[in-house]
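Data block below; observations after.
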Number of protein chains: 2
Amino acid sequence: MNQRKVSIKEIAELSGVSVATVSRVINNNGRFSEETRKKVLQVIKDTHYETNNIAKSLRMKKSNTIGILVPDISNSFFANVVQEIESILFKKGYSTIICNTDRNEEKEEAYLRMLEGKMIDGLIVISGVKEFGSTAINKKTPLICIDRKPKDTKSTILIESDHYQGGFLATEELISKGCHNIAIIIHRDFLSSSKERLLGYQNALKKYQIPFKEENVIHVTVEEKMSRTEAAKAALLQKISEGYQFDGVFALNDRLAIGAIHAILDLGKKVPEDIKVVGFDNDPISKYCYPCLTTIRQDNMLIAEQACENLLALIDGTRKDMKKHQVIPVTLVSRAST
Amino acid sequence: MNQRKVSIKEIAELSGVSVATVSRVINNNGRFSEETRKKVLQVIKDTHYETNNIAKSLRMKKSNTIGILVPDISNSFFANVVQEIESILFKKGYSTIICNTDRNEEKEEAYLRMLEGKMIDGLIVISGVKEFGSTAINKKTPLICIDRKPKDTKSTILIESDHYQGGFLATEELISKGCHNIAIIIHRDFLSSSKERLLGYQNALKKYQIPFKEENVIHVTVEEKMSRTEAAKAALLQKISEGYQFDGVFALNDRLAIGAIHAILDLGKKVPEDIKVVGFDNDPISKYCYPCLTTIRQDNMLIAEQACENLLALIDGTRKDMKKHQVIPVTLVSRAST
DNA sequence: TTGTAAGCGTTATCAG
DNA sequence: CTGATAACGCTTACAA
């Protein structure tokens with residue numbers, strides 16, 4: 001019962017027509033009689049014929065495939081966005097090649113070459129490390145960036161969350177719950193997203209006339225083999241041991257926030273009674289930690305939708321009024337930690 | 001500076017040789033003079049030529065692409081395994097098409113058709129729902145299953161964790177910490193992995209001469225729009241309200257375990273002092289919840305390695321002594337919850 | 001309405 | 001050592 005792979009040519013022979021006609025029927029393209037249509041379709045059914053997309057791609061110079069570059073698929077934010085993108089594109093008839101770059105520039109470069117060889121119709125780069133000026137795919141391949149823009153700052157479209165708003169909302173939440181002395185925990189301060197979040201924090205303070213103090217900014221560096229959570233915990237404990245006092249924490253992501261909570265609990269204080277905590281990302285762990293973590297939710301779904309929509313428009317050439325920088329609103333998810 | 005895509009033919013012309021020779025040089029295949037080699041390579045470099053893998057695949061009937069079917073990429077176990085597989089295969093020169101099936105049989109079927117059209121060289125199915133007997137890819141496409149075997153039970157290779165051992169270790173841990181009355185929380189009891197874990201639980205009890213009681217088995221059903229965690233918490237609270245007593249919990253996955261912990265804490269009891277808890281999977285949340293969760297770690301890395309190794313052997317035809325059922329050991333990760 | 005044939009970019013066979 | 005050329009499976013003018 002092991003049917004060999006059957007080609008359009010054999011369908012033609014079995015149906016008593018030419019390959020051209022079969023092709024027309026398959027693609028519902030051009031004219032043919034109802035009779036031949038029926039016959040061809042029947043033969044296709046019988047033989048379990050499936051179009052060879054490789055050949056089709058070669059001929060059409062279109063692969064119906066798009067590439068996604070992602071730094072780390074096991075990060076929940078990335079995983080979610082990718083999953084959503086994949087799902088949307090699938091419905092549109094595109095398949096997706098997901099490339100996990102490990103934030104490694106060489107790997108990224110290698111993937112780009114591979115993708116080019118596969119004649120991808122478009123590319124989505126999430127938080128990419130590489131500047132795309134010199135790369136293999138600098139041609140006309142439609143490109144959308146999410147979360148971070150490559151240095152080659154020309155005309156590529158960037159889609160990202162409203163990090164400023166996120167910082168503002170998080171801080172406002174703490175203030176509204178009575179905090180006056182709010183620590184902010186930052187990991188990668190060079191990221192534009194981090195800077196925006198910090199700015200939101202500062203402006204929220206200003207709005208409520210709370211002075212911004214430099215000593216409230218806690219920078220954590222994550223050593224090799226150490227998680228962000230551990231690093232944040234250690235940094236906070238260190239600072240406290242030096243006499244630092246505070247009544248609220250805004251951590252720039254949920255992993256850091258959990259670290260802060262652990263530190264606080266270890267000292268015998270209570271969250272949220274003694275100190276309140278807000279994170280960022282709405283990582284699943286924020287729902288499962290104890291106490292549950294108030295956090296800022298990025299709209300992964302909308303980011304994905306917008307990325308796909310723009311990319312497809314770019315591919316189809318129906319590029320109307322696409323903004324170069326698209327900012328997606330975030331929302332506060334209020335939980336037990338505040 | 002926008003170079004059009006350049007083909008082997010143009011390389012030939014620019015180098016003053018034939019396409020055949022260029023092909024030979026590129027693939028280091030056949031004989032050619034050092035001189036021509038140098039010239040051709042130089043032209044390739046100058047023009048930024050990149051092989052068109054679509055054309056190559058068509059000709060070679062080999063795409064150097066493998067497909068992965070995965071139920072849910074945002075599940076940490078799956079995400080990890082997929083990530084690892086992708087990384088290994090990439091090093092071997094294969095690219096990977098990751099297909100997220102959402103446990104949806106139609107989507108799975110559609111993906112299989114798509115993958116066939118892409119002439120994939122091999123397929124890895126993680127916890128698949130479909131029986132592959134009738135499907136598009138029943139040909140000779142090499143196939144490896146992870147975690148669950150499709151019904152069509154013929155000769156496909158299955159790689160999975162030692163679920164029995166996991167159940168045993170988890171239960172033994174609880175017993176060794178003084179538990180005598182251990183609840184077991186089960187979600188999908190029809191899965192063979194669940195059955196094995198239960199069996200391990202029972203045999204561990206037997207080893208320590210603790211009688212197995214049916215009332216200790218808590219089945220949770222997860223309603224639409226409810227997380228496993230919430231469902232487990234609700235189920236446990238319900239049971240307790242009926243007067244049920246216990247001093248330890250073995251939950252068949254970490255999400256369920258977290259639910260149990262939340263239930264226990266809500267009742268004013270302490271973990272691990274009053275009740276101890278063990279989960280399964282070593283989900284990242286197990287490290288970040290409070291208290292941190294003792295759990296069973298599946299060896300994702302080894303599973304991935306073994307899957308790739310077997311698949312590549314199948315593809316190359318160097319299929320020596322491959323066992324049809326390969327069982328990967330698991331380990332206990334002891335944390336605060338016990 | 002249908003068939004013929006060219007061509008997409010490669011590799012492999014067969015002569016030279 | 002190198003060059004023509006067929007073939008991979010498909011789409012699409014152009015003819016009929």
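Following the order of the structure tokens, chains are lettered A, B, ..., residues in each are numbered from 1, and ligands are numbered from 1.
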**OP:** Considering only C-alpha atoms (C1' of nucleotides), extract the chain A residues located within 12 Å of chain C and return them as a PyMOL selection string.
**Re:** chain A and resi 12+16-25+30-37+54-62+117+119
Subject >> Polymer residues at most 12 Å from Gln306 in chain B, only C-alpha atoms (C1' of nucleotides), same-chain spacing of 2 or more positions, as a PyMOL selection string >> reply: chain B and resi 81+84-85+88-89+124+144-146+157-161+299-304+308-313+322-323+325-328
How would the residues just picked look written out with N, CA, C and O atoms as a compact mmCIF listing (two decimals), in the first residue's frame?
```txt
# COMPACT_ATOMS: atom_id res chain seq x y z
N VAL B 81 12.24 21.10 24.47
CA VAL B 81 12.63 20.00 23.60
C VAL B 81 12.77 20.49 22.17
O VAL B 81 13.75 20.20 21.49
N GLU B 84 15.85 22.55 21.64
CA GLU B 84 17.05 21.73 21.62
C GLU B 84 17.19 20.98 20.29
O GLU B 84 18.26 20.94 19.68
N ILE B 85 16.09 20.43 19.84
CA ILE B 85 16.08 19.71 18.57
C ILE B 85 16.52 20.64 17.44
O ILE B 85 17.36 20.30 16.61
N ILE B 88 20.22 21.30 17.50
CA ILE B 88 21.03 20.16 17.05
C ILE B 88 20.96 20.01 15.54
O ILE B 88 21.97 19.87 14.86
N LEU B 89 19.74 20.04 15.03
CA LEU B 89 19.57 19.84 13.59
C LEU B 89 20.22 20.95 12.78
O LEU B 89 20.77 20.71 11.71
N ILE B 124 9.36 14.82 13.14
CA ILE B 124 9.32 14.51 14.56
C ILE B 124 7.98 14.94 15.11
O ILE B 124 7.57 16.09 14.92
N ILE B 144 9.89 10.06 13.90
CA ILE B 144 10.20 9.78 15.30
C ILE B 144 9.09 10.38 16.15
O ILE B 144 8.69 11.52 15.94
N CYS B 145 8.61 9.62 17.11
CA CYS B 145 7.61 10.15 18.03
C CYS B 145 8.22 10.39 19.41
O CYS B 145 9.04 9.60 19.87
N ILE B 146 7.82 11.48 20.01
CA ILE B 146 8.26 11.78 21.35
C ILE B 146 7.04 11.84 22.26
O ILE B 146 6.04 12.45 21.90
N ILE B 157 9.50 4.77 15.89
CA ILE B 157 10.27 4.81 17.13
C ILE B 157 9.64 5.79 18.11
O ILE B 157 9.25 6.89 17.75
N LEU B 158 9.53 5.37 19.35
CA LEU B 158 8.97 6.23 20.39
C LEU B 158 10.03 6.52 21.44
O LEU B 158 10.68 5.62 21.96
N ILE B 159 10.20 7.79 21.74
CA ILE B 159 11.14 8.21 22.77
C ILE B 159 10.37 8.93 23.87
O ILE B 159 9.62 9.87 23.58
N GLU B 160 10.53 8.48 25.09
CA GLU B 160 9.81 9.17 26.17
C GLU B 160 10.53 9.01 27.50
O GLU B 160 11.39 8.16 27.66
N SER B 161 10.15 9.85 28.44
CA SER B 161 10.73 9.79 29.77
C SER B 161 10.24 8.54 30.50
O SER B 161 9.23 7.95 30.15
N ASP B 299 14.60 14.78 31.17
CA ASP B 299 15.86 15.14 30.53
C ASP B 299 15.61 15.59 29.09
O ASP B 299 15.88 14.85 28.14
N ASN B 300 15.12 16.80 28.96
CA ASN B 300 14.75 17.34 27.65
C ASN B 300 15.88 17.24 26.64
O ASN B 300 15.70 16.92 25.48
N MET B 301 17.05 17.53 27.13
CA MET B 301 18.22 17.54 26.28
C MET B 301 18.48 16.17 25.68
O MET B 301 18.70 16.04 24.49
N LEU B 302 18.42 15.18 26.54
CA LEU B 302 18.70 13.81 26.08
C LEU B 302 17.60 13.33 25.13
O LEU B 302 17.87 12.66 24.13
N ILE B 303 16.39 13.69 25.46
CA ILE B 303 15.27 13.32 24.58
C ILE B 303 15.50 13.90 23.20
O ILE B 303 15.37 13.22 22.18
N ALA B 304 15.86 15.18 23.17
CA ALA B 304 16.09 15.85 21.90
C ALA B 304 17.24 15.20 21.14
O ALA B 304 17.14 14.91 19.95
N CYS B 308 16.97 13.30 17.49
CA CYS B 308 17.71 13.73 16.31
C CYS B 308 18.60 12.61 15.78
O CYS B 308 18.65 12.34 14.58
N GLU B 309 19.29 12.00 16.69
CA GLU B 309 20.22 10.95 16.30
C GLU B 309 19.51 9.84 15.55
O GLU B 309 19.92 9.41 14.48
N ASN B 310 18.39 9.43 16.10
CA ASN B 310 17.62 8.37 15.47
C ASN B 310 17.06 8.81 14.13
O ASN B 310 17.07 8.06 13.16
N LEU B 311 16.57 10.02 14.09
CA LEU B 311 15.97 10.51 12.85
C LEU B 311 17.01 10.57 11.74
O LEU B 311 16.77 10.11 10.62
N LEU B 312 18.16 11.11 12.08
CA LEU B 312 19.20 11.24 11.07
C LEU B 312 19.67 9.86 10.60
O LEU B 312 19.95 9.67 9.42
N ALA B 313 19.72 8.94 11.52
CA ALA B 313 20.11 7.58 11.14
C ALA B 313 19.09 6.99 10.17
O ALA B 313 19.42 6.34 9.19
N MET B 322 18.39 0.31 16.24
CA MET B 322 17.53 1.26 16.94
C MET B 322 16.36 0.59 17.64
O MET B 322 15.56 -0.09 17.03
N LYS B 323 16.28 0.85 18.92
CA LYS B 323 15.17 0.29 19.69
C LYS B 323 13.89 1.04 19.36
O LYS B 323 13.90 2.24 19.17
N HIS B 325 11.38 1.48 21.31
CA HIS B 325 10.89 2.23 22.45
C HIS B 325 12.07 2.61 23.33
O HIS B 325 12.71 1.75 23.93
N GLN B 326 12.35 3.90 23.38
CA GLN B 326 13.51 4.34 24.12
C GLN B 326 13.08 5.15 25.33
O GLN B 326 12.38 6.15 25.19
N VAL B 327 13.49 4.72 26.49
CA VAL B 327 13.03 5.33 27.73
C VAL B 327 14.14 6.13 28.38
O VAL B 327 15.23 5.61 28.63
N ILE B 328 13.86 7.40 28.64
CA ILE B 328 14.88 8.29 29.18
C ILE B 328 14.69 8.47 30.69
O ILE B 328 13.59 8.80 31.14
```
List every residue of chain D that has an atom at most 10 Å from any atom of chain B, giving for each one its closest atom pair and the distance in Å to one decimal, counting only C-alpha atoms (C1' of nucleotides), sorted by chain and then by ascending residue number, as a tab-separated table.
```
residue	atom	partner	partner_atom	distance
D:DC1	C1'	B:Phe32	CA	5.4
D:DT2	C1'	B:Thr21	CA	6.9
D:DG3	C1'	B:Ser18	CA	6.2
D:DA4	C1'	B:Ser18	CA	9.1
D:DA7	C1'	B:Arg59	CA	7.8
D:DC8	C1'	B:Arg59	CA	4.4
D:DG9	C1'	B:Leu58	CA	7.8
```
Selection export as a short mmCIF file (atom, residue, chain, number, x, y, z; two decimals), in the first residue's frame, atoms kept: C-alpha atoms (C1' of nucleotides):
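See selection28.cif below for the written result:
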```
data_model
loop_
_atom_site.label_atom_id
_atom_site.label_comp_id
_atom_site.auth_asym_id
_atom_site.auth_seq_id
_atom_site.Cartn_x
_atom_site.Cartn_y
_atom_site.Cartn_z
"C1'" DC D 1 39.71 18.41 -16.21
"C1'" DT D 2 35.57 20.50 -18.53
"C1'" DG D 3 31.18 21.31 -21.23
"C1'" DA D 4 26.51 20.14 -23.09
"C1'" DA D 7 15.84 16.09 -15.60
"C1'" DC D 8 13.45 17.51 -11.03
"C1'" DG D 9 7.65 19.18 -10.99
#
```
Could you produce a table of the residues of chain A lying within 7 Å of chain B, with the nearest pair of atoms per residue and their separation in Å rounded to one decimal, using only C-alpha atoms, ordered by chain and increasing residue number, as CSV?
```
residue,atom,partner,partner_atom,distance
A:Asn2,CA,B:Lys139,CA,6.0
A:Gln3,CA,B:Lys139,CA,6.9
A:Glu50,CA,B:Gly117,CA,6.6
A:Thr51,CA,B:Gly117,CA,5.9
A:Asn52,CA,B:Gly117,CA,4.7
A:Asn53,CA,B:Gly117,CA,4.8
A:Ile54,CA,B:Lys118,CA,5.7
A:Ala55,CA,B:Leu58,CA,6.1
A:Leu58,CA,B:Ala55,CA,6.1
A:Ile73,CA,B:Ala79,CA,6.9
A:Ser74,CA,B:Ala79,CA,5.7
A:Ser76,CA,B:Ser74,CA,6.8
A:Ala79,CA,B:Ser74,CA,5.7
A:Asn80,CA,B:Ser74,CA,6.4
A:Gln83,CA,B:Ile73,CA,6.9
A:Thr96,CA,B:Ile97,CA,6.7
A:Ile97,CA,B:Ile97,CA,5.1
A:Ile98,CA,B:Ile98,CA,6.5
A:Gly117,CA,B:Asn52,CA,4.8
A:Lys118,CA,B:Asn53,CA,5.6
A:Lys139,CA,B:Asn2,CA,6.0
A:Ile258,CA,B:Tyr288,CA,6.8
A:Ile285,CA,B:Ile285,CA,5.4
A:Tyr288,CA,B:Cys289,CA,6.2
A:Cys289,CA,B:Cys289,CA,4.2
A:Tyr290,CA,B:Tyr290,CA,5.3
```
Original post:
Which neighbours of Val43 in chain B fall inside 7 Å, counting only C-alpha atoms (C1' of nucleotides), when residues of the same chain fewer than 6 positions from it are skipped, and could you give them as a PyMOL selection string?
Top reply: chain B and resi 11+14-15
Subject >> range 58-245 of chain A: residues DSSP assigns to helix (DSSP H, G or I), reported as a ChimeraX atom specification >> reply: /A:58-60,76-91,105-117,163-176,192-207,214-216,228-241
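On the backbone of this structure, DSSP gives strand (DSSP E or B) within range 246-320 of chain A to A:Gly248, A:Val249, A:Phe250, A:Ala251, A:Lys276, A:Val277, A:Val278, A:Thr294, A:Thr295, A:Ile296, A:Arg297.
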